[in-house]
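What follows is the content of upload.cif, which has mmCIF, C-alpha atoms and all ligand atoms:
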```cif
data_model
#
loop_
_atom_site.label_atom_id
_atom_site.label_comp_id
_atom_site.auth_asym_id
_atom_site.auth_seq_id
_atom_site.Cartn_x
_atom_site.Cartn_y
_atom_site.Cartn_z
CA MET A 1 3.98 13.12 -38.33
CA ARG A 2 0.68 13.63 -40.15
CA ILE A 3 1.52 15.30 -43.44
CA LEU A 4 -0.58 17.29 -45.89
CA ILE A 5 1.04 17.55 -49.34
CA THR A 6 -0.37 20.01 -51.89
CA GLY A 7 0.20 19.27 -55.58
CA GLY A 8 1.11 15.63 -54.96
CA CYS A 9 -0.11 14.55 -58.40
CA GLY A 10 2.33 16.86 -60.17
CA PHE A 11 5.89 16.08 -61.24
CA ILE A 12 7.78 16.78 -58.01
CA GLY A 13 4.80 16.15 -55.74
CA ASN A 14 4.38 12.47 -56.61
CA HIS A 15 8.04 11.84 -55.77
CA VAL A 16 7.53 13.64 -52.44
CA VAL A 17 4.48 11.50 -51.61
CA ARG A 18 6.43 8.29 -52.27
CA ARG A 19 9.42 9.43 -50.22
CA VAL A 20 7.53 10.70 -47.14
CA LEU A 21 5.81 7.32 -46.88
CA MET A 22 9.29 5.83 -46.36
CA ILE A 23 10.07 8.05 -43.33
CA PRO A 24 9.68 6.19 -40.02
CA GLY A 25 7.02 7.76 -37.82
CA VAL A 26 4.81 9.05 -40.61
CA GLU A 27 1.25 8.12 -39.66
CA LYS A 28 -0.73 9.82 -42.41
CA VAL A 29 -0.10 11.40 -45.82
CA VAL A 30 -2.92 13.40 -47.42
CA ASN A 31 -2.40 14.57 -51.00
CA VAL A 32 -4.59 17.55 -51.95
CA ASP A 33 -4.49 18.22 -55.68
CA ALA A 34 -6.88 20.09 -57.97
CA LEU A 35 -5.76 17.95 -60.96
CA THR A 36 -5.12 20.87 -63.30
CA TYR A 37 -3.64 20.11 -66.74
CA SER A 38 -0.28 19.14 -65.14
CA GLY A 39 -1.74 17.08 -62.30
CA ASN A 40 -2.20 13.43 -63.15
CA LEU A 41 -3.83 10.79 -60.96
CA ASP A 42 -1.81 8.15 -62.79
CA ASN A 43 1.33 9.65 -61.23
CA CYS A 44 0.21 8.21 -57.89
CA LYS A 45 -1.73 5.14 -58.98
CA ASP A 46 0.92 2.69 -57.73
CA ILE A 47 0.95 4.24 -54.24
CA ILE A 48 -0.98 1.70 -52.23
CA ASP A 49 -0.68 2.35 -48.53
CA ASP A 50 -3.32 2.51 -45.76
CA ARG A 51 -1.73 5.74 -44.53
CA TYR A 52 -2.21 7.49 -47.89
CA ARG A 53 -5.31 9.47 -48.89
CA PHE A 54 -5.93 11.51 -52.04
CA VAL A 55 -8.35 14.45 -51.98
CA HIS A 56 -9.38 16.07 -55.26
CA GLU A 57 -9.55 19.67 -54.11
CA SER A 58 -8.12 23.11 -54.74
CA ILE A 59 -5.91 24.85 -52.18
CA ASN A 60 -8.07 27.90 -52.88
CA ASN A 61 -11.00 26.28 -51.05
CA LYS A 62 -10.26 27.37 -47.49
CA SER A 63 -13.10 25.55 -45.77
CA ALA A 64 -12.09 22.26 -47.45
CA ILE A 65 -8.45 22.77 -46.39
CA ASP A 66 -9.51 23.62 -42.81
CA GLU A 67 -11.67 20.52 -42.67
CA ILE A 68 -8.82 18.24 -43.85
CA ILE A 69 -6.36 19.80 -41.41
CA GLU A 70 -8.75 19.25 -38.52
CA ALA A 71 -10.08 15.81 -39.47
CA GLU A 72 -6.63 14.41 -40.26
CA ARG A 73 -4.86 16.17 -37.35
CA ILE A 74 -2.22 17.53 -39.75
CA SER A 75 1.14 18.48 -38.17
CA VAL A 76 3.22 19.19 -41.32
CA LEU A 77 2.22 20.85 -44.60
CA ILE A 78 4.48 20.48 -47.66
CA HIS A 79 3.29 23.02 -50.23
CA LEU A 80 4.07 22.23 -53.86
CA ALA A 81 0.79 23.04 -55.63
CA ALA A 82 1.41 25.73 -58.22
CA GLU A 83 1.09 26.90 -61.75
CA SER A 84 4.65 26.06 -62.73
CA HIS A 85 5.31 26.83 -66.41
CA VAL A 86 6.95 30.13 -67.39
CA ASP A 87 5.57 30.12 -70.95
CA ARG A 88 2.00 29.75 -69.69
CA SER A 89 2.53 32.65 -67.26
CA ILE A 90 3.50 34.81 -70.23
CA ASN A 91 0.29 33.85 -72.02
CA SER A 92 -1.96 34.40 -68.98
CA VAL A 93 -0.88 35.32 -65.46
CA LYS A 94 -4.29 35.08 -63.73
CA PRO A 95 -4.13 31.39 -62.69
CA PHE A 96 -0.59 32.02 -61.40
CA VAL A 97 -1.77 34.85 -59.15
CA GLU A 98 -4.74 32.78 -58.00
CA THR A 99 -2.85 29.59 -57.13
CA ASN A 100 0.70 30.69 -56.37
CA ILE A 101 -0.15 33.83 -54.40
CA ASP A 102 -3.73 33.54 -53.20
CA GLY A 103 -3.59 29.75 -52.76
CA THR A 104 -0.49 30.14 -50.60
CA ARG A 105 -2.23 32.93 -48.65
CA ILE A 106 -5.13 30.59 -47.90
CA LEU A 107 -2.86 27.79 -46.67
CA LEU A 108 -0.98 30.27 -44.45
CA GLU A 109 -4.26 31.52 -42.97
CA SER A 110 -5.30 27.94 -42.28
CA VAL A 111 -2.00 27.37 -40.48
CA VAL A 112 -2.59 30.52 -38.38
CA ASP A 113 -6.16 29.43 -37.57
CA SER A 114 -4.87 26.01 -36.44
CA LYS A 115 -2.26 27.70 -34.28
CA LYS A 116 -4.98 29.78 -32.62
CA SER A 117 -6.82 26.59 -31.74
CA GLY A 118 -3.69 25.04 -30.28
CA THR A 119 -2.14 23.05 -33.18
CA ASN A 120 1.25 24.08 -34.58
CA ILE A 121 1.74 23.05 -38.20
CA HIS A 122 5.19 23.10 -39.77
CA PHE A 123 4.92 24.75 -43.21
CA ILE A 124 7.40 23.65 -45.91
CA HIS A 125 7.18 26.10 -48.81
CA VAL A 126 8.67 24.78 -52.06
CA SER A 127 10.04 27.64 -54.15
CA THR A 128 12.45 28.18 -57.01
CA ASP A 129 15.75 29.75 -58.08
CA GLU A 130 13.77 31.91 -60.52
CA VAL A 131 12.88 34.31 -57.70
CA TYR A 132 16.51 35.57 -57.82
CA GLY A 133 16.32 36.62 -61.49
CA SER A 134 19.05 36.03 -64.05
CA LEU A 135 22.86 35.77 -63.70
CA LYS A 136 25.52 37.26 -65.95
CA PRO A 137 28.09 34.81 -67.41
CA ASP A 138 30.74 35.47 -64.73
CA ASP A 139 28.47 36.00 -61.72
CA PRO A 140 28.85 33.58 -58.80
CA PRO A 141 25.86 31.26 -58.19
CA PHE A 142 22.84 32.55 -56.24
CA THR A 143 23.00 32.29 -52.45
CA GLU A 144 20.16 32.62 -49.93
CA ASP A 145 21.24 36.27 -49.50
CA THR A 146 20.83 37.15 -53.18
CA PRO A 147 18.06 39.79 -53.39
CA LEU A 148 14.78 38.67 -54.92
CA ASN A 149 14.56 40.01 -58.48
CA PRO A 150 12.00 37.95 -60.43
CA GLN A 151 11.97 38.58 -64.17
CA ASN A 152 8.90 36.74 -65.47
CA PRO A 153 5.29 36.53 -64.25
CA TYR A 154 5.66 32.96 -62.88
CA ALA A 155 8.78 33.96 -60.92
CA ALA A 156 7.05 37.11 -59.63
CA THR A 157 4.17 35.06 -58.20
CA LYS A 158 6.61 32.63 -56.57
CA ALA A 159 8.60 35.53 -55.06
CA ALA A 160 5.35 37.05 -53.76
CA SER A 161 4.42 33.74 -52.13
CA ASP A 162 7.88 33.46 -50.53
CA MET A 163 7.47 36.96 -49.09
CA LEU A 164 4.02 36.11 -47.77
CA VAL A 165 5.49 33.08 -45.96
CA GLN A 166 8.24 35.23 -44.45
CA SER A 167 5.73 37.86 -43.36
CA PHE A 168 3.62 35.18 -41.63
CA VAL A 169 6.70 33.89 -39.80
CA ASN A 170 7.43 37.44 -38.64
CA THR A 171 3.91 38.55 -37.72
CA HIS A 172 2.12 35.33 -36.77
CA ASN A 173 5.13 33.37 -35.53
CA ILE A 174 4.33 30.29 -37.58
CA SER A 175 6.90 27.53 -38.12
CA ALA A 176 8.06 27.58 -41.76
CA VAL A 177 11.00 26.91 -44.05
CA ILE A 178 11.41 28.00 -47.67
CA THR A 179 13.26 25.76 -50.13
CA ARG A 180 14.49 27.08 -53.48
CA CYS A 181 15.68 24.69 -56.13
CA SER A 182 17.12 24.84 -59.63
CA ASN A 183 15.64 23.05 -62.70
CA ASN A 184 14.46 19.52 -61.96
CA PHE A 185 14.42 16.57 -64.33
CA GLY A 186 13.28 12.97 -63.93
CA PRO A 187 10.33 10.63 -64.50
CA ARG A 188 6.74 11.94 -64.76
CA GLN A 189 7.57 15.55 -65.65
CA PHE A 190 4.84 17.16 -67.73
CA PRO A 191 6.12 17.37 -71.34
CA GLU A 192 5.80 21.12 -71.68
CA LYS A 193 9.19 21.43 -69.90
CA LEU A 194 12.47 21.25 -71.82
CA ILE A 195 13.74 17.73 -71.07
CA PRO A 196 10.53 15.67 -71.46
CA LEU A 197 9.36 17.78 -74.42
CA MET A 198 12.63 17.29 -76.30
CA THR A 199 12.88 13.60 -75.35
CA ILE A 200 9.37 12.76 -76.52
CA ASN A 201 9.72 14.81 -79.72
CA ALA A 202 13.09 13.19 -80.50
CA MET A 203 11.59 9.73 -79.99
CA ASN A 204 8.73 10.60 -82.34
CA LYS A 205 11.07 12.27 -84.88
CA LYS A 206 9.28 15.61 -84.43
CA ALA A 207 10.74 19.14 -84.40
CA LEU A 208 12.70 20.19 -81.28
CA PRO A 209 11.88 23.90 -80.75
CA ILE A 210 14.83 25.76 -79.17
CA TYR A 211 14.14 29.31 -78.08
CA GLY A 212 16.49 32.05 -79.37
CA ASP A 213 20.14 31.03 -79.66
CA GLY A 214 19.78 28.07 -77.25
CA LYS A 215 22.68 29.34 -75.13
CA GLN A 216 20.62 30.00 -72.01
CA ILE A 217 21.97 28.13 -69.00
CA ARG A 218 20.14 26.18 -66.29
CA ASP A 219 21.57 24.20 -63.34
CA TRP A 220 19.91 20.79 -63.71
CA ILE A 221 19.17 18.60 -60.70
CA HIS A 222 17.52 15.20 -60.48
CA VAL A 223 14.09 15.36 -58.83
CA GLU A 224 15.07 12.78 -56.18
CA ASP A 225 17.92 15.05 -55.01
CA HIS A 226 15.46 17.94 -54.76
CA VAL A 227 13.09 15.77 -52.72
CA SER A 228 15.95 14.85 -50.35
CA GLY A 229 16.55 18.57 -49.83
CA ILE A 230 12.87 19.29 -49.13
CA LEU A 231 12.67 16.44 -46.62
CA SER A 232 15.97 17.33 -44.90
CA SER A 233 14.71 20.91 -44.40
CA MET A 234 11.40 19.59 -43.08
CA LEU A 235 13.06 17.32 -40.53
CA ALA A 236 15.49 20.07 -39.45
CA LEU A 237 12.55 22.43 -38.84
CA ILE A 238 10.55 19.85 -36.90
CA VAL A 239 13.41 18.98 -34.53
CA GLY A 240 14.31 22.66 -34.06
CA GLN A 241 17.74 22.37 -35.70
CA ILE A 242 16.91 25.45 -37.79
CA GLN A 243 14.91 28.56 -37.02
CA SER A 244 11.56 29.31 -38.55
CA GLY A 245 11.85 31.48 -41.67
CA GLU A 246 15.12 30.01 -42.92
CA VAL A 247 15.71 29.60 -46.66
CA PHE A 248 17.67 26.75 -48.27
CA ASN A 249 18.93 26.71 -51.86
CA PHE A 250 19.41 23.43 -53.71
CA GLY A 251 21.44 23.13 -56.90
CA ALA A 252 23.71 20.60 -58.57
CA GLU A 253 26.75 22.46 -59.99
CA ASN A 254 25.45 21.19 -63.31
CA GLU A 255 25.20 24.20 -65.59
CA ARG A 256 24.31 23.31 -69.18
CA THR A 257 23.13 25.31 -72.17
CA ASN A 258 19.82 24.28 -73.69
CA ILE A 259 21.49 23.37 -76.95
CA GLN A 260 23.95 21.05 -75.13
CA ILE A 261 21.02 19.31 -73.48
CA VAL A 262 19.10 18.88 -76.70
CA GLN A 263 22.18 17.49 -78.47
CA THR A 264 22.72 14.99 -75.64
CA ILE A 265 19.08 13.88 -75.80
CA LEU A 266 19.26 13.44 -79.58
CA LYS A 267 22.42 11.33 -79.26
CA ASN A 268 20.88 9.23 -76.50
CA VAL A 269 17.68 8.63 -78.46
CA GLY A 270 19.59 8.04 -81.72
CA ALA A 271 17.81 10.84 -83.61
CA GLU A 272 19.18 13.34 -86.14
CA GLU A 273 20.30 16.90 -85.24
CA SER A 274 18.28 18.10 -88.23
CA LEU A 275 15.21 17.84 -85.95
CA ILE A 276 16.43 20.94 -84.10
CA SER A 277 14.37 24.00 -84.95
CA PHE A 278 15.39 27.44 -83.63
CA VAL A 279 12.19 29.35 -82.86
CA LYS A 280 11.32 32.84 -81.61
CA ASP A 281 12.79 33.47 -78.15
CA ARG A 282 10.72 33.39 -74.96
CA PRO A 283 9.98 37.06 -74.07
CA GLY A 284 12.14 38.24 -71.15
CA HIS A 285 14.05 34.94 -71.23
CA ASP A 286 16.36 34.58 -68.19
CA ARG A 287 19.89 33.92 -69.47
CA ARG A 288 21.47 31.93 -66.66
CA TYR A 289 20.61 30.29 -63.33
CA ALA A 290 23.06 28.61 -60.96
CA MET A 291 22.32 27.67 -57.35
CA GLY A 292 24.96 27.54 -54.61
CA TYR A 293 24.14 24.98 -51.94
CA GLU A 294 26.87 25.65 -49.36
CA LYS A 295 24.28 26.43 -46.64
CA ALA A 296 22.28 23.23 -47.27
CA ASN A 297 25.48 21.22 -47.17
CA ARG A 298 26.79 22.88 -44.00
CA ILE A 299 23.56 22.80 -41.99
CA LEU A 300 21.57 19.90 -43.42
CA GLY A 301 24.49 17.76 -44.67
CA TRP A 302 22.71 17.76 -48.05
CA ARG A 303 24.38 17.40 -51.40
CA PRO A 304 23.16 16.19 -54.80
CA GLU A 305 23.91 12.49 -55.31
CA ILE A 306 22.66 11.63 -58.78
CA GLU A 307 25.17 12.05 -61.63
CA TRP A 308 23.88 14.03 -64.61
CA ASP A 309 24.80 11.40 -67.24
CA THR A 310 23.13 8.48 -65.45
CA GLY A 311 20.21 10.61 -64.25
CA LEU A 312 19.51 11.85 -67.77
CA SER A 313 19.85 8.49 -69.53
CA ASP A 314 17.64 6.80 -66.87
CA THR A 315 15.08 9.58 -67.37
CA ILE A 316 15.10 9.16 -71.16
CA GLN A 317 14.74 5.41 -70.65
CA TRP A 318 11.74 6.04 -68.36
CA TYR A 319 9.90 8.02 -71.08
CA ASN A 320 10.76 5.27 -73.56
CA ASP A 321 9.44 2.56 -71.22
CA ASN A 322 6.26 4.45 -70.31
CA LYS A 323 4.66 5.21 -73.64
CA SER A 324 1.13 4.78 -72.27
CA TRP A 325 1.83 7.54 -69.70
CA VAL A 326 3.12 9.76 -72.51
CA ASP A 327 0.18 8.93 -74.80
CA SER A 328 -2.37 9.66 -72.08
CA ILE A 329 -0.89 13.14 -71.63
CA THR A 330 -0.04 14.17 -75.17
CA SER A 331 -3.63 14.43 -76.33
CA GLY A 332 -6.44 16.97 -75.90
CA GLU A 333 -5.39 20.13 -74.07
CA TYR A 334 -1.72 19.31 -74.58
CA ARG A 335 -2.00 19.20 -78.38
CA ASN A 336 -3.82 22.54 -78.39
CA TYR A 337 -1.16 24.07 -76.15
CA ILE A 338 1.72 22.84 -78.35
CA GLU A 339 0.00 24.10 -81.48
CA ASN A 340 -0.60 27.56 -80.00
CA GLN A 341 2.84 27.80 -78.40
CA TYR A 342 4.98 26.66 -81.32
CA GLY A 343 2.65 26.86 -84.30
CA ILE A 344 3.34 23.19 -85.03
CA ASP A 345 1.02 20.20 -84.88
CA ASN A 346 2.67 17.66 -82.62
P1 LIG A 401 3.66 20.63 -61.81
O1 LIG A 401 3.02 21.65 -62.68
O2 LIG A 401 4.14 19.35 -62.42
O3 LIG A 401 2.64 20.22 -60.64
C1 LIG A 401 1.83 21.15 -59.99
C2 LIG A 401 0.72 20.39 -59.27
O4 LIG A 401 -0.06 21.33 -58.54
C3 LIG A 401 -0.24 19.65 -60.21
O5 LIG A 401 -0.50 18.35 -59.75
C4 LIG A 401 -1.50 20.49 -60.17
O6 LIG A 401 -2.69 19.75 -60.41
C5 LIG A 401 -1.45 21.03 -58.75
N1 LIG A 401 -2.22 22.27 -58.58
C6 LIG A 401 -2.18 23.39 -59.35
N2 LIG A 401 -3.05 24.31 -58.87
C7 LIG A 401 -3.63 23.77 -57.76
C8 LIG A 401 -4.58 24.22 -56.82
N3 LIG A 401 -5.12 25.45 -56.93
N4 LIG A 401 -4.91 23.42 -55.80
C9 LIG A 401 -4.37 22.19 -55.69
N5 LIG A 401 -3.47 21.68 -56.56
C10 LIG A 401 -3.10 22.46 -57.59
O7 LIG A 401 4.83 21.37 -61.06
P2 LIG A 401 6.20 20.81 -60.45
O8 LIG A 401 7.26 20.97 -61.47
O9 LIG A 401 5.96 19.51 -59.82
O10 LIG A 401 6.46 21.92 -59.33
C11 LIG A 401 6.01 21.74 -58.00
C12 LIG A 401 6.49 22.91 -57.16
O11 LIG A 401 7.91 22.96 -57.18
C13 LIG A 401 6.00 24.26 -57.64
O12 LIG A 401 5.68 25.05 -56.52
C14 LIG A 401 7.19 24.85 -58.39
O13 LIG A 401 7.17 26.24 -58.34
C15 LIG A 401 8.34 24.26 -57.58
N6 LIG A 401 9.61 24.08 -58.29
C16 LIG A 401 9.65 23.39 -59.48
C17 LIG A 401 10.88 23.18 -60.11
C18 LIG A 401 10.99 22.41 -61.41
O14 LIG A 401 12.05 22.41 -62.02
N7 LIG A 401 9.95 21.73 -61.87
C19 LIG A 401 12.05 23.71 -59.55
C20 LIG A 401 11.97 24.43 -58.34
C21 LIG A 401 10.73 24.59 -57.72
O1 LIG A 402 14.57 26.97 -62.35
C1 LIG A 402 13.48 26.33 -61.75
C2 LIG A 402 12.30 26.43 -62.66
O2 LIG A 402 12.59 25.57 -63.77
C3 LIG A 402 10.98 26.05 -62.02
O3 LIG A 402 10.69 26.96 -61.01
C4 LIG A 402 9.86 26.04 -63.05
O4 LIG A 402 8.66 25.56 -62.46
C5 LIG A 402 10.25 25.12 -64.18
O5 LIG A 402 9.27 25.18 -65.20
C6 LIG A 402 11.62 25.51 -64.75
O6 LIG A 402 11.55 26.77 -65.48
P1 LIG A 402 12.35 26.99 -66.85
O7 LIG A 402 11.68 28.06 -67.61
O8 LIG A 402 13.81 27.14 -66.60
O9 LIG A 402 12.12 25.53 -67.51
P2 LIG A 402 11.69 25.08 -68.97
O10 LIG A 402 11.81 23.60 -69.00
O11 LIG A 402 10.41 25.69 -69.41
O12 LIG A 402 12.84 25.70 -69.87
C7 LIG A 402 14.20 25.38 -69.64
C8 LIG A 402 15.02 26.15 -70.68
O13 LIG A 402 14.74 25.62 -71.99
C9 LIG A 402 14.68 27.62 -70.75
O14 LIG A 402 15.87 28.36 -71.02
C10 LIG A 402 13.73 27.73 -71.94
C11 LIG A 402 14.23 26.63 -72.85
N1 LIG A 402 13.20 26.02 -73.72
C12 LIG A 402 12.10 25.50 -73.11
C13 LIG A 402 11.07 24.96 -73.86
C14 LIG A 402 9.84 24.39 -73.19
C15 LIG A 402 13.36 25.97 -75.10
O15 LIG A 402 14.37 26.41 -75.65
N2 LIG A 402 12.35 25.42 -75.84
C16 LIG A 402 11.21 24.94 -75.29
O16 LIG A 402 10.34 24.45 -76.04
#
```
Show this structure as structure tokens.
Ligand code: NAD
Ligand code: DAU
Amino acid sequence: MRILITGGCGFIGNHVVRRVLMIPGVEKVVNVDALTYSGNLDNCKDIIDDRYRFVHESINNKSAIDEIIEAERISVLIHLAAESHVDRSINSVKPFVETNIDGTRILLESVVDSKKSGTNIHFIHVSTDEVYGSLKPDDPPFTEDTPLNPQNPYAATKAASDMLVQSFVNTHNISAVITRCSNNFGPRQFPEKLIPLMTINAMNKKALPIYGDGKQIRDWIHVEDHVSGILSSMLALIVGQIQSGEVFNFGAENERTNIQIVQTILKNVGAEESLISFVKDRPGHDRRYAMGYEKANRILGWRPEIEWDTGLSDTIQWYNDNKSWVDSITSGEYRNYIENQYGIDN
């Protein structure tokens, strides 16, 4: 296997890079990342392996992607590069359309071009539960058959990219699988997302901004469990255990309200609940996500392994132990973003 990973310097991507290097038979791992605000070279700085190569490039540069695919004789492409934050997509959707839709289109065209010249590339498309929309309190969890019904601009661009992948499977007969996962947490997540933002603010005794009533529900999964799901789907596609175009949902049966999470973080850090600050709700805020994973369990033998309590306290410990990582991120662009988003100087 000669693997191209897009977005390998992001939160989930760096865990994927580490894990693919542990798979027997992997000859090459190329990480293509544009190093946007959420991409961080430091996330991969301890990856020292002759088989690993980093390329600072955008997925939107088709000739560069074609060149890498050809020169490195790529046989598998794991696509994680994206604009990933819902709040930013509400402020400006353009980069989301460019990367999530058009960037995916370019990678798909590169895969088709390779196929025409005799090389089949397996395409692993990493997507999200947000494409299904929002659940009511008593609804059963999403399944792979739940109709796509994205409710925010980020989710709409992810749903569009999923549909592009499916259309390329149907019309160009490429080999692809789509994975959809619930909310990830773990080390090296950019602190614009709920868990690292609240952890870092609690540690620094700063305000914890909860949107609306804080009773929105997410199904939280440790990033390493998500990576296991991505890699199980990849291997199943390569050996022909599943058909091209299949979708797999990954979740953790771990539904929590935002307020519950923030209270747990405060307790863990030893900070006061008075730091909680209820702020204006996110426009169009999805109320509840929950991901069923019966199909992944039945076909891939996958299930989440990491307990919420240990996963969360280890994650909080990681942010506490890695203050230089936090400090390097929470400056410059990040400070401006926080000030504009919440009207507070963090
Ligand atoms: P992230 O924002 O931490 O990382 C995204 C990475 O993509 C960054 O390294 C960034 O530099 C890179 N990137 C952005 N635009 C690029 C471009 N044009 N060319 C090359 N690289 C580019 O995001 P994440 O949380 O690691 O998410 C990774 C993927 O997983 C995304 O596709 C996201 O939709 C999906 N996903 C995330 C979650 C979650 O909870 N974080 C859950 C389900 C699915
Ligand atoms: O569900 C998977 C998705 O999870 C991924 O596809 C996205 O890339 C990822 O960003 C994440 O989206 P969410 O919007 O669910 O995650 P976020 O961490 O931004 O917010 C989680 C919940 O916490 C959500 O209900 C909004 C709330 N929240 C978030 C922030 C940043 C707050 O109340 N206050 C905040 O400051």
Excluding Pro304 (chain A) and any residue of its chain fewer than 2 positions from it, enumerate the residues within 7 Å of it, using all atoms listed in the file, and give them as a PDB file with C-alpha atoms, in the coordinates of the input.
```pdb
ATOM      1  CA  ASP A 225      17.920  15.050 -55.010  1.00  0.00           C
ATOM      2  CA  ALA A 252      23.710  20.600 -58.570  1.00  0.00           C
ATOM      3  CA  TRP A 302      22.710  17.760 -48.050  1.00  0.00           C
ATOM      4  CA  ILE A 306      22.660  11.630 -58.780  1.00  0.00           C
TER       5      ILE A 306
END
```
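Taking all atoms listed in the file, the non-local environment of region 327-330 of chain A within 9 Å (same-chain residues fewer than 4 positions away omitted) comprises A:Tyr37, A:Ser38, A:Asn40, A:Phe190, A:Pro191, A:Asn322, A:Lys323, A:Tyr334, A:Arg335, A:Asn346.
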(request) Find the residues around Asn268 (chain A) up to 10 Å (only C-alpha atoms counted), leave out those fewer than 4 positions away in its own chain, and share them as a VMD selection string. (result) chain A and resid 199 202 to 203 262 to 264 312 to 313 316 to 317
(request) Compare A:Phe168, A:Tyr132, A:Phe123, A:Trp220 by their minimum atom-to-atom distance to ligand LIG 401 (chain A), counting all atoms listed in the file, and give me the closest one. (result) A:Trp220
Using only C-alpha atoms and all ligand atoms, which residues have at least one atom no more than 7 Å from ligand LIG 401 (chain A)? Output them as a compact mmCIF listing (two decimals) with C-alpha atoms, in the coordinates of the input.
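Listed below is the output, selection22.txt:
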```
# COMPACT_ATOMS: atom_id res chain seq x y z
CA THR A 6 -0.37 20.01 -51.89
CA GLY A 7 0.20 19.27 -55.58
CA GLY A 8 1.11 15.63 -54.96
CA CYS A 9 -0.11 14.55 -58.40
CA GLY A 10 2.33 16.86 -60.17
CA PHE A 11 5.89 16.08 -61.24
CA ILE A 12 7.78 16.78 -58.01
CA GLY A 13 4.80 16.15 -55.74
CA VAL A 32 -4.59 17.55 -51.95
CA ASP A 33 -4.49 18.22 -55.68
CA ALA A 34 -6.88 20.09 -57.97
CA LEU A 35 -5.76 17.95 -60.96
CA THR A 36 -5.12 20.87 -63.30
CA TYR A 37 -3.64 20.11 -66.74
CA SER A 38 -0.28 19.14 -65.14
CA GLY A 39 -1.74 17.08 -62.30
CA ASN A 40 -2.20 13.43 -63.15
CA GLU A 57 -9.55 19.67 -54.11
CA SER A 58 -8.12 23.11 -54.74
CA ILE A 59 -5.91 24.85 -52.18
CA ASN A 60 -8.07 27.90 -52.88
CA LEU A 80 4.07 22.23 -53.86
CA ALA A 81 0.79 23.04 -55.63
CA ALA A 82 1.41 25.73 -58.22
CA GLU A 83 1.09 26.90 -61.75
CA SER A 84 4.65 26.06 -62.73
CA HIS A 85 5.31 26.83 -66.41
CA THR A 99 -2.85 29.59 -57.13
CA GLY A 103 -3.59 29.75 -52.76
CA VAL A 126 8.67 24.78 -52.06
CA SER A 127 10.04 27.64 -54.15
CA THR A 128 12.45 28.18 -57.01
CA ASP A 129 15.75 29.75 -58.08
CA LYS A 158 6.61 32.63 -56.57
CA ARG A 180 14.49 27.08 -53.48
CA CYS A 181 15.68 24.69 -56.13
CA SER A 182 17.12 24.84 -59.63
CA ASN A 183 15.64 23.05 -62.70
CA ASN A 184 14.46 19.52 -61.96
CA PHE A 185 14.42 16.57 -64.33
CA GLN A 189 7.57 15.55 -65.65
CA PHE A 190 4.84 17.16 -67.73
```
(message) Which residue is closest to ligand LIG 402 (chain A)? Choose from A:Ser89, A:Ser274, A:Thr315, A:Asn204 and count all atoms listed in the file.
(response) A:Ser89
(request) Name the residues, by chain letter and number, that sit within 9 Å of ligand LIG 402 (chain A) using only C-alpha atoms and all ligand atoms, and give them as a PyMOL selection string. (result) chain A and resi 82-87+127-131+154-155+158+180-185+191-198+208-220+257-259+262+278-279+281-282+285-290+341-342
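Counting all atoms listed in the file, the residue from A:Ser75, A:Val55, A:Leu235, A:Lys116 that sits nearest to Ile23 (chain A) is A:Leu235.
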(message) For a test of reading the model, state the distance in Å between CA of Phe54 (chain A) and CA of Val29 (chain A), rounded to one decimal.
(response) 8.5 Å
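Checking A:Phe96, A:Tyr52, A:Tyr337, A:Phe142 one by one against Thr157 (chain A), counting all atoms listed in the file, you find the shortest gap at A:Phe96.
Take CA of Ile265 (chain A) and CA of Asp321 (chain A): the distance between them is 15.6 Å.
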(request) Take the point (3.4, 17.3, -39.0) as written in the file and pick out every residue within 6 Å of it, counting all atoms listed in the file; give the list as JSON, numbers by chain. (result) {"A": [1, 2, 3, 74, 75, 76]}
(message) From (-3.8, 30.9, -50.1), in the file's coordinates, out to 12 Å: which residues are reached, counting all atoms listed in the file? Answer as a count of residues only.
(response) 34
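Each of A:Ala159, A:Leu4, A:Val20, A:Cys44 was checked against Glu70 (chain A) using all atoms listed in the file; the smallest atom-to-atom distance is that of A:Leu4.
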(message) Report, in Å to a single decimal, how far apart CA of Ala236 (chain A) and CA of Asp46 (chain A) are.
(response) 29.1 Å
